[in-house]
Amino acid sequence: MAASVFRALIVGCGNVAGGYDLRGGKREVWTHAKAYQLTPGVELVGVIDSSMTIGRKFADAWKVPFLGTELVPALKKTKPDLVSICSPTKTHAPVIKKLCAAGIGAVLCEKPIAYDLRAAEEVIELCERKGVLLAINYQRNWDLQSNRLQQAIQQGEFGQTKLIRVLYSKGLIHNGSHFVSLLDRWFGKLELDQMISAFARSREDVRADFTATCPATGRIIFQNIPEQTYVLNELEVLFESGRLELRHGGLEARWTDRHFDPLIPNDAALAAKSKRLPVSLDRAMLEVVRNFTAAFRGEEKLQSDPKAALRTLRFCVSVRTLAQERYA
């Protein structure tokens, strides 16, 4: 792309569009609006929302010049180069199809692509056919510190992977898929093993305990934590040389070494104290937009392609399907 400044439009004016950063710290970058405004070569020219009241508050807060409630008129008025989709999941596929028809060249869509696997496959195929750059926002796939851990894992710095445990709340597709995506990136394609128990399932999402496998290990456990109790999204990986923990969704990372207690010299154990690892998740959205726009200019490869997001959705749908069949 030859444009010196890309014009960006945001569809949907909720939390991930801009709301989180209106309540967060000054250093943090959680949202599309803030990331666009901090990225050189990008101008946020418009937002749309089905509610004019919500949209007006958003546009005023972020000082966006155009506000609308309908997609096609907004595209004609603002003439964006790229569009962020932050509207509800059920709207993602229909909006992507309209953007492709309108000739938009780059789309950054919030996860998941869709609840329906076929709909997701169709829009990915459509974007490929039309030459549209499509990115699905699993932020951890762009997070710099997460990618450093990935490199260390894949270079064997931690030894063999013995056990992976995921605790998730608010549904597997809605929230747990963040860790499904991350594990796919770190360890390879996940395969569903056994359903332990399903607590809630619908046509859209599932809350269940189950086991899975991947090329690195045959022992992956997902456990649902009811959000009525509290929201918990954490990852624990037991390696040959110690334990890696991502707490608070990844805002805190800890490593605990494997060692031998001098009192019991034949037994390896985990050290009594863990050490903090550097984290950068609270600014990962800035890297998402930086890489997304660089890829649109042809300067870089997209860090996380839509086929990876499709693998994540396929896995989650396989869990949902098994839960529906098992507990129908």
# chains A, B, ... in the order shown; residues from 1 in each chain; ligands from 1

call {"tool": "select_by_dssp", "arguments": {"residues": "region 122-303 of chain A", "states": "strand (DSSP E)", "output": "ChimeraX atom specification"}}
result
/A:133-137,161-168,191-201,206-214,217-224,234-239,242-247,252-260,268-270,275-277

call {"tool": "residues_around", "arguments": {"residues": "region 106-113 of chain A", "least_positions_apart": "3", "cutoff": "6 Å", "atoms": "only C-alpha atoms", "output": "ChimeraX atom specification"}}
result
/A:82-86,120,132-137

call {"tool": "write_last_selection", "arguments": {"atoms": "N, CA and C atoms", "output": "PDB file, in the first residue's frame"}}
result
ATOM      1  N   LEU A  82      -8.651   0.772   6.377  1.00  0.00           N
ATOM      2  CA  LEU A  82      -8.747  -0.428   7.217  1.00  0.00           C
ATOM      3  C   LEU A  82      -9.868  -0.257   8.236  1.00  0.00           C
ATOM      4  N   VAL A  83     -10.419  -1.391   8.659  1.00  0.00           N
ATOM      5  CA  VAL A  83     -11.574  -1.375   9.555  1.00  0.00           C
ATOM      6  C   VAL A  83     -11.349  -2.366  10.687  1.00  0.00           C
ATOM      7  N   SER A  84     -11.658  -1.924  11.914  1.00  0.00           N
ATOM      8  CA  SER A  84     -11.676  -2.809  13.079  1.00  0.00           C
ATOM      9  C   SER A  84     -13.108  -3.217  13.381  1.00  0.00           C
ATOM     10  N   ILE A  85     -13.316  -4.515  13.585  1.00  0.00           N
ATOM     11  CA  ILE A  85     -14.650  -5.020  13.943  1.00  0.00           C
ATOM     12  C   ILE A  85     -14.644  -5.359  15.423  1.00  0.00           C
ATOM     13  N   CYS A  86     -15.362  -4.557  16.212  1.00  0.00           N
ATOM     14  CA  CYS A  86     -15.456  -4.736  17.660  1.00  0.00           C
ATOM     15  C   CYS A  86     -16.901  -4.930  18.088  1.00  0.00           C
ATOM     16  N   ALA A 120     -17.177 -18.979   9.588  1.00  0.00           N
ATOM     17  CA  ALA A 120     -15.785 -18.543   9.722  1.00  0.00           C
ATOM     18  C   ALA A 120     -14.964 -18.977   8.511  1.00  0.00           C
ATOM     19  N   VAL A 132      -7.876  -9.529   0.726  1.00  0.00           N
ATOM     20  CA  VAL A 132      -8.075  -8.682   1.908  1.00  0.00           C
ATOM     21  C   VAL A 132      -7.227  -9.209   3.057  1.00  0.00           C
ATOM     22  N   LEU A 133      -6.442  -8.338   3.672  1.00  0.00           N
ATOM     23  CA  LEU A 133      -5.664  -8.726   4.853  1.00  0.00           C
ATOM     24  C   LEU A 133      -6.622  -8.868   6.032  1.00  0.00           C
ATOM     25  N   LEU A 134      -6.695 -10.062   6.609  1.00  0.00           N
ATOM     26  CA  LEU A 134      -7.589 -10.323   7.736  1.00  0.00           C
ATOM     27  C   LEU A 134      -6.776 -10.775   8.931  1.00  0.00           C
ATOM     28  N   ALA A 135      -6.955 -10.091  10.056  1.00  0.00           N
ATOM     29  CA  ALA A 135      -6.307 -10.479  11.316  1.00  0.00           C
ATOM     30  C   ALA A 135      -7.381 -10.683  12.368  1.00  0.00           C
ATOM     31  N   ILE A 136      -7.246 -11.756  13.145  1.00  0.00           N
ATOM     32  CA  ILE A 136      -8.181 -12.041  14.234  1.00  0.00           C
ATOM     33  C   ILE A 136      -7.448 -11.768  15.542  1.00  0.00           C
ATOM     34  N   ASN A 137      -8.020 -10.933  16.389  1.00  0.00           N
ATOM     35  CA  ASN A 137      -7.277 -10.368  17.516  1.00  0.00           C
ATOM     36  C   ASN A 137      -7.229 -11.273  18.745  1.00  0.00           C
TER      37      ASN A 137
END

call {"tool": "residues_around", "arguments": {"residues": "Ala284 (chain A)", "least_positions_apart": "6", "cutoff": "7 Å", "atoms": "only C-alpha atoms", "output": "list in words"}}
result
Gln139, Trp142 and Asp143 of chain A

call {"tool": "write_last_selection", "arguments": {"atoms": "C-alpha atoms", "output": "PDB file, in the first residue's frame"}}
result
ATOM      1  CA  GLN A 139      -3.639 -10.392  21.496  1.00  0.00           C
ATOM      2  CA  TRP A 142       1.381 -10.497  19.195  1.00  0.00           C
ATOM      3  CA  ASP A 143       2.595  -9.987  22.761  1.00  0.00           C
TER       4      ASP A 143
END

call {"tool": "atom_distance", "arguments": {"atom1": "CA of Phe187 (chain A)", "atom2": "CA of Arg258 (chain A)"}}
result
21.0 Å

call {"tool": "closest_residue", "arguments": {"among": "A:Ala309, A:Ala8, A:Leu277, A:Ile221", "to": "Val42 (chain A)", "atoms": "only C-alpha atoms"}}
result
A:Ala8

call {"tool": "closest_residue", "arguments": {"among": "A:Leu244, A:Ala295, A:Leu270, A:Ala101", "to": "Val166 (chain A)", "atoms": "only C-alpha atoms"}}
result
A:Leu244

call {"tool": "closest_residue", "arguments": {"among": "A:Lys307, A:Ala268, A:Val45, A:Arg219", "to": "Glu122 (chain A)", "atoms": "only C-alpha atoms"}}
result
A:Lys307

call {"tool": "residues_around", "arguments": {"residues": "Glu191 (chain A)", "least_positions_apart": "5", "cutoff": "10 Å", "atoms": "only C-alpha atoms", "output": "compact mmCIF listing (two decimals) with N, CA and C atoms, in the first residue's frame"}}
result
# COMPACT_ATOMS: atom_id res chain seq x y z
N ASP A 184 -1.78 -23.45 20.88
CA ASP A 184 -1.59 -23.83 19.48
C ASP A 184 -0.30 -23.19 18.95
N THR A 211 -10.08 -32.88 28.63
CA THR A 211 -8.65 -33.06 28.40
C THR A 211 -8.36 -32.98 26.90
N ALA A 212 -7.10 -32.67 26.59
CA ALA A 212 -6.69 -32.54 25.20
C ALA A 212 -5.24 -32.99 25.07
N THR A 213 -4.80 -33.08 23.84
CA THR A 213 -3.41 -33.42 23.54
C THR A 213 -2.87 -32.44 22.50
N CYS A 214 -1.54 -32.43 22.36
CA CYS A 214 -0.88 -31.65 21.32
C CYS A 214 0.44 -32.35 21.01
N PRO A 215 1.16 -31.97 19.99
CA PRO A 215 2.42 -32.65 19.67
C PRO A 215 3.43 -32.67 20.81
N GLY A 218 0.73 -35.23 25.83
CA GLY A 218 -0.59 -35.85 25.82
C GLY A 218 -1.41 -35.50 27.03
N ILE A 220 -3.10 -32.35 28.67
CA ILE A 220 -3.62 -30.97 28.78
C ILE A 220 -4.97 -31.04 29.45
N ARG A 314 -12.00 -24.27 15.46
CA ARG A 314 -12.34 -25.68 15.20
C ARG A 314 -12.22 -26.51 16.48
N PHE A 315 -11.15 -26.28 17.23
CA PHE A 315 -10.97 -27.02 18.46
C PHE A 315 -12.10 -26.71 19.44
N CYS A 316 -12.40 -25.44 19.62
CA CYS A 316 -13.45 -25.05 20.57
C CYS A 316 -14.81 -25.59 20.15
N SER A 318 -15.28 -28.33 18.48
CA SER A 318 -15.28 -29.77 18.74
C SER A 318 -15.64 -30.05 20.20
N VAL A 319 -15.19 -29.20 21.12
CA VAL A 319 -15.56 -29.34 22.53
C VAL A 319 -17.05 -29.07 22.71

call {"tool": "residues_around", "arguments": {"residues": "Glu70 (chain A)", "least_positions_apart": "3", "cutoff": "12 Å", "atoms": "only C-alpha atoms", "output": "tab-separated table (two decimals) with C-alpha atoms, in the first residue's frame"}}
result
chain	number	residue	atom	x	y	z
A	10	ILE	CA	-14.07	1.13	14.16
A	11	VAL	CA	-17.31	-0.89	14.10
A	12	GLY	CA	-18.79	-1.19	17.58
A	46	GLY	CA	-14.78	7.28	12.32
A	47	VAL	CA	-16.76	4.94	14.54
A	48	ILE	CA	-20.16	3.34	14.18
A	49	ASP	CA	-22.50	1.74	16.70
A	50	SER	CA	-26.12	0.63	16.58
A	51	SER	CA	-26.76	2.97	19.53
A	52	MET	CA	-26.29	6.66	18.78
A	55	GLY	CA	-21.53	5.98	19.87
A	66	PHE	CA	-17.34	10.85	12.32
A	67	LEU	CA	-20.08	8.91	14.09
A	73	PRO	CA	-23.04	4.99	4.63
A	74	ALA	CA	-20.10	5.22	7.06
A	75	LEU	CA	-17.78	3.61	4.54
A	76	LYS	CA	-18.86	6.04	1.84
A	77	LYS	CA	-18.43	9.01	4.15
A	95	VAL	CA	-19.66	-7.29	8.45
A	98	LYS	CA	-19.83	-6.22	3.47

call {"tool": "atom_distance", "arguments": {"atom1": "CA of Ser241 (chain A)", "atom2": "CA of His259 (chain A)"}}
result
8.3 Å

call {"tool": "select_by_dssp", "arguments": {"residues": "region 83-312 of chain A", "states": "helix (DSSP H, G or I)", "output": "number ranges by chain"}}
result
A: 89-102, 117-130, 139-141, 144-154, 172-187, 248-250, 281-296, 306-312

call {"tool": "atom_distance", "arguments": {"atom1": "CA of Leu310 (chain A)", "atom2": "CA of Ile124 (chain A)"}}
result
8.5 Å

call {"tool": "closest_residue", "arguments": {"among": "A:Met285, A:Val279, A:Leu99, A:Leu126", "to": "Gly18 (chain A)", "atoms": "only C-alpha atoms"}}
result
A:Met285

call {"tool": "closest_residue", "arguments": {"among": "A:Glu125, A:Glu240, A:Glu325, A:Asp261", "to": "Arg201 (chain A)", "atoms": "only C-alpha atoms"}}
result
A:Glu325

call {"tool": "residues_around", "arguments": {"residues": "Pro94 (chain A)", "least_positions_apart": "6", "cutoff": "10 Å", "atoms": "only C-alpha atoms", "output": "list in words"}}
result
Ala114, Ala119 and Val123 of chain A

call {"tool": "closest_residue", "arguments": {"among": "A:Gln160, A:Ser4, A:Ser177, A:Ser202", "to": "Thr321 (chain A)", "atoms": "only C-alpha atoms"}}
result
A:Ser202

call {"tool": "decode", "arguments": {"residues": "region 171-189 of chain A", "atoms": "N, CA and C atoms", "output": "mmCIF file, in the first residue's frame"}}
result
data_model
loop_
_atom_site.group_PDB
_atom_site.id
_atom_site.type_symbol
_atom_site.label_atom_id
_atom_site.label_comp_id
_atom_site.auth_asym_id
_atom_site.auth_seq_id
_atom_site.Cartn_x
_atom_site.Cartn_y
_atom_site.Cartn_z
ATOM 1 N N GLY A 171 -16.876 -18.979 29.472
ATOM 2 C CA GLY A 171 -17.036 -19.728 28.234
ATOM 3 C C GLY A 171 -15.730 -20.015 27.518
ATOM 4 N N LEU A 172 -15.674 -21.175 26.888
ATOM 5 C CA LEU A 172 -14.463 -21.577 26.185
ATOM 6 C C LEU A 172 -14.219 -20.718 24.953
ATOM 7 N N ILE A 173 -15.241 -20.478 24.146
ATOM 8 C CA ILE A 173 -15.057 -19.702 22.923
ATOM 9 C C ILE A 173 -14.850 -18.231 23.247
ATOM 10 N N HIS A 174 -15.595 -17.735 24.213
ATOM 11 C CA HIS A 174 -15.502 -16.312 24.556
ATOM 12 C C HIS A 174 -14.177 -15.968 25.218
ATOM 13 N N ASN A 175 -13.747 -16.749 26.212
ATOM 14 C CA ASN A 175 -12.546 -16.416 26.975
ATOM 15 C C ASN A 175 -11.458 -17.484 26.885
ATOM 16 N N GLY A 176 -11.848 -18.746 27.064
ATOM 17 C CA GLY A 176 -10.853 -19.817 27.077
ATOM 18 C C GLY A 176 -10.096 -19.953 25.769
ATOM 19 N N SER A 177 -10.686 -19.473 24.674
ATOM 20 C CA SER A 177 -10.022 -19.595 23.372
ATOM 21 C C SER A 177 -8.720 -18.805 23.306
ATOM 22 N N HIS A 178 -8.565 -17.800 24.175
ATOM 23 C CA HIS A 178 -7.286 -17.082 24.221
ATOM 24 C C HIS A 178 -6.143 -18.048 24.504
ATOM 25 N N PHE A 179 -6.355 -18.960 25.463
ATOM 26 C CA PHE A 179 -5.309 -19.909 25.808
ATOM 27 C C PHE A 179 -5.238 -21.067 24.805
ATOM 28 N N VAL A 180 -6.367 -21.424 24.195
ATOM 29 C CA VAL A 180 -6.324 -22.407 23.117
ATOM 30 C C VAL A 180 -5.429 -21.889 21.994
ATOM 31 N N SER A 181 -5.621 -20.635 21.632
ATOM 32 C CA SER A 181 -4.810 -20.013 20.584
ATOM 33 C C SER A 181 -3.338 -19.965 20.964
ATOM 34 N N LEU A 182 -3.078 -19.595 22.213
ATOM 35 C CA LEU A 182 -1.698 -19.494 22.677
ATOM 36 C C LEU A 182 -1.013 -20.862 22.692
ATOM 37 N N LEU A 183 -1.710 -21.888 23.172
ATOM 38 C CA LEU A 183 -1.132 -23.228 23.204
ATOM 39 C C LEU A 183 -0.878 -23.755 21.793
ATOM 40 N N ASP A 184 -1.782 -23.454 20.880
ATOM 41 C CA ASP A 184 -1.585 -23.826 19.477
ATOM 42 C C ASP A 184 -0.302 -23.194 18.947
ATOM 43 N N ARG A 185 -0.059 -21.969 19.312
ATOM 44 C CA ARG A 185 1.127 -21.243 18.856
ATOM 45 C C ARG A 185 2.403 -21.787 19.495
ATOM 46 N N TRP A 186 2.340 -22.067 20.775
ATOM 47 C CA TRP A 186 3.522 -22.515 21.507
ATOM 48 C C TRP A 186 3.864 -23.983 21.259
ATOM 49 N N PHE A 187 2.827 -24.845 21.234
ATOM 50 C CA PHE A 187 3.058 -26.289 21.286
ATOM 51 C C PHE A 187 2.553 -27.069 20.077
ATOM 52 N N GLY A 188 1.775 -26.458 19.206
ATOM 53 C CA GLY A 188 1.232 -27.169 18.061
ATOM 54 C C GLY A 188 -0.268 -27.421 18.195
ATOM 55 N N LYS A 189 -0.849 -27.966 17.171
ATOM 56 C CA LYS A 189 -2.296 -28.136 17.074
ATOM 57 C C LYS A 189 -2.859 -28.981 18.208
#
